[in-house]
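Contents: one structure, followed by commentary.
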Amino acid sequence: MKIKPFILLVLLISVSAFQSCSNDKNNVKQNEVKKQQWAIVVHGGAGPMTKETMEPGLDSVYRAGLKQAIDKGKEVLSGGGSALDAVEATIRTLEDNPMFNAGKGAVFTHEGRNELDAAIMDGSNLAAGAVACVTDIKNPITAARCVMTRSEHVLLTGAGASQFAKEQGLEIVPPSYFYTERRFNELQEILKKEKFGTVGCCALDSKGNLAAGTSTGGMPNKRYNRVGDAPIIGAGTYANNHTCAVSATGHGEFFIRWTVAHDISALMEYKGLSLKSASELVVNDKLVKAGGSGGLISVDKEGNISMPFNSKGMFRAFATADGKEGVYIYGEEGKN
Ligand code: ASP
């Protein structure tokens, strides 16, 4: 069949008009996606700290550390970077900061060593990676990410994890990197009071992807290669684009047994609870009844943030695309 030139012209105009309409629609959609709120939240551990009991001068040191970390995450997310990149970069700054119980500032085991645990999870596909009981990897969170992306496993431990990290070209340090006499004495004193100094980060990026990560030296004075909740997916760390991202800090044995991070996701998925209700229920009801002290940070797919804890304080900070941010330590802060 022959199409007359006039009809062809009309057809072409309407097709291109349709295309440009659909492009417009796409543009609007893209803009909407772009405008979607990114959000980031970090913790530096929960514990018995209060304004009255905080060592003089340390308040501002902790706040500066949290601010530095959240700024790093903000930089990644506001530049259109992924939630995973934000989580890893943020946690690396906290691992390099000797004030927090992760990386450089890791607490000491009963035998006077440092054994580190970390995990990261990608909420877009439920990929996860973790390392536990490692003694010579400078940034365990990066090792965890390598396990996720470059191995077929989820959790590697001890010497095997170190060997894997070496093969991946990650920075390996002598175990003494985690030890200085001054830090040993100073941190033992501080950490005796502020028991949980684990660090964690959860982020939502502008594409709607969630990610969570946690890194820790574990519980001070631990023995027998004890592993806590931080590297256990679903206990101390979890992310799922359909619900939320969670990173916990506290008495790890309870967080493992109550599968805390996944429980929050499950309460949202199966019971339809909001992020806030689910997080509060787990931390301030279930864990309190169980006797498990600590707290967590969480963010949902809409960018809502929750930071509940049942201890006196929790080092925490957050920032969102619409300019809201805060750095808090004590229980009474950030409640409006
Ligand atoms: N949850 C960590 C653990 O049990 C400790 C902490 O949060 O500081 O290993």
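Ordering of the structure tokens sets the chain letters (A, B, ...); residue numbers start at 1 within each chain; ligands are numbered from 1 in the order shown.
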
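Secondary structure from DSSP on the backbone puts alpha helix (DSSP H) at the following positions of range 136-168 of chain A: Pro140, Ile141, Thr142, Ala143, Ala144, Arg145, Cys146, Val147, Met148, Thr149, Arg150, Gly158, Ala159, Gly160, Ala161, Ser162, Gln163, Phe164, Ala165, Lys166 and Glu167 of chain A.
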
Would you save the residues of that selection, restricted to N, CA, C and O atoms, as a CSV table (one decimal), in the first residue's frame?
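Generated output (out17.csv):
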```csv
chain,number,residue,atom,x,y,z
A,140,PRO,N,38.2,-2.1,57.3
A,140,PRO,CA,37.4,-3.3,57.1
A,140,PRO,C,36.1,-3.1,56.3
A,140,PRO,O,35.6,-4.1,55.6
A,141,ILE,N,35.6,-1.9,56.3
A,141,ILE,CA,34.3,-1.7,55.5
A,141,ILE,C,34.6,-1.9,54.0
A,141,ILE,O,33.7,-2.4,53.3
A,142,THR,N,35.8,-1.5,53.6
A,142,THR,CA,36.1,-1.6,52.2
A,142,THR,C,36.4,-3.1,51.9
A,142,THR,O,36.0,-3.6,50.8
A,143,ALA,N,36.9,-3.8,52.8
A,143,ALA,CA,37.1,-5.3,52.7
A,143,ALA,C,35.7,-5.9,52.5
A,143,ALA,O,35.5,-6.8,51.7
A,144,ALA,N,34.8,-5.5,53.4
A,144,ALA,CA,33.4,-6.0,53.3
A,144,ALA,C,32.8,-5.8,51.9
A,144,ALA,O,32.2,-6.7,51.3
A,145,ARG,N,33.0,-4.6,51.4
A,145,ARG,CA,32.5,-4.3,50.1
A,145,ARG,C,33.1,-5.2,49.0
A,145,ARG,O,32.4,-5.6,48.1
A,146,CYS,N,34.4,-5.4,49.2
A,146,CYS,CA,35.1,-6.3,48.2
A,146,CYS,C,34.5,-7.7,48.3
A,146,CYS,O,34.4,-8.4,47.3
A,147,VAL,N,34.2,-8.2,49.5
A,147,VAL,CA,33.6,-9.5,49.6
A,147,VAL,C,32.3,-9.5,48.9
A,147,VAL,O,32.0,-10.5,48.2
A,148,MET,N,31.6,-8.5,49.0
A,148,MET,CA,30.2,-8.4,48.3
A,148,MET,C,30.4,-8.4,46.8
A,148,MET,O,29.7,-9.1,46.1
A,149,THR,N,31.3,-7.6,46.3
A,149,THR,CA,31.3,-7.4,44.9
A,149,THR,C,32.3,-8.3,44.1
A,149,THR,O,32.2,-8.5,42.9
A,150,ARG,N,33.3,-8.8,44.9
A,150,ARG,CA,34.4,-9.5,44.1
A,150,ARG,C,34.5,-11.0,44.6
A,150,ARG,O,35.5,-11.6,44.3
A,158,GLY,N,38.9,-13.9,59.8
A,158,GLY,CA,40.3,-14.1,60.2
A,158,GLY,C,41.3,-14.0,59.1
A,158,GLY,O,41.3,-13.2,58.3
A,159,ALA,N,42.3,-15.0,59.2
A,159,ALA,CA,43.4,-15.0,58.2
A,159,ALA,C,42.9,-15.1,56.8
A,159,ALA,O,43.5,-14.5,55.9
A,160,GLY,N,41.8,-15.8,56.5
A,160,GLY,CA,41.3,-16.0,55.2
A,160,GLY,C,40.8,-14.6,54.7
A,160,GLY,O,41.1,-14.3,53.5
A,161,ALA,N,40.2,-13.9,55.5
A,161,ALA,CA,39.7,-12.5,55.1
A,161,ALA,C,40.9,-11.6,54.8
A,161,ALA,O,40.9,-10.9,53.8
A,162,SER,N,41.9,-11.7,55.6
A,162,SER,CA,43.2,-10.9,55.3
A,162,SER,C,43.8,-11.3,54.0
A,162,SER,O,44.2,-10.4,53.2
A,163,GLN,N,43.9,-12.6,53.8
A,163,GLN,CA,44.5,-13.1,52.5
A,163,GLN,C,43.7,-12.5,51.3
A,163,GLN,O,44.2,-12.0,50.3
A,164,PHE,N,42.3,-12.6,51.4
A,164,PHE,CA,41.5,-12.1,50.4
A,164,PHE,C,41.7,-10.6,50.2
A,164,PHE,O,41.8,-10.1,49.0
A,165,ALA,N,41.8,-9.8,51.3
A,165,ALA,CA,42.0,-8.4,51.2
A,165,ALA,C,43.3,-8.1,50.5
A,165,ALA,O,43.4,-7.1,49.7
A,166,LYS,N,44.3,-8.8,50.9
A,166,LYS,CA,45.7,-8.6,50.2
A,166,LYS,C,45.5,-8.8,48.7
A,166,LYS,O,46.0,-8.1,47.9
A,167,GLU,N,44.9,-9.9,48.4
A,167,GLU,CA,44.7,-10.2,46.9
A,167,GLU,C,43.9,-9.2,46.2
A,167,GLU,O,44.1,-8.9,45.0
```

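With only C-alpha atoms and all ligand atoms as the atoms that count, the set of residues no farther than 7 Å from ligand 1 is A:Gly45, A:Ala46, A:Asn101, A:Lys195, A:Phe196, A:Gly197, A:Thr198, A:Thr216, A:Gly217, A:Gly218, A:Met219, A:Val227, A:Gly228, A:Asp229, A:Ala230, A:Gly236, A:Ala248, A:Thr249, A:Gly250, A:His251, A:Gly252, A:Glu253.
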
### Message
I'd like the neighbourhood of range 326-334 of chain A as a ChimeraX atom specification, where a residue qualifies if any of its atoms comes within 12 Å (using only C-alpha atoms), though same-chain residues fewer than 3 positions away should be ignored.
### Response
/A:40-54,58-71,194,197,295,305-320,323

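Note that the spacing between CA of Thr157 in chain A and CA of Gly73 in chain A amounts to 27.5 Å.
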
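Using only C-alpha atoms for every distance, the candidate list A:Gly129, A:Gly80, A:Pro175, A:Gly303 yields A:Gly129 as the residue closest to Ser151 in chain A.
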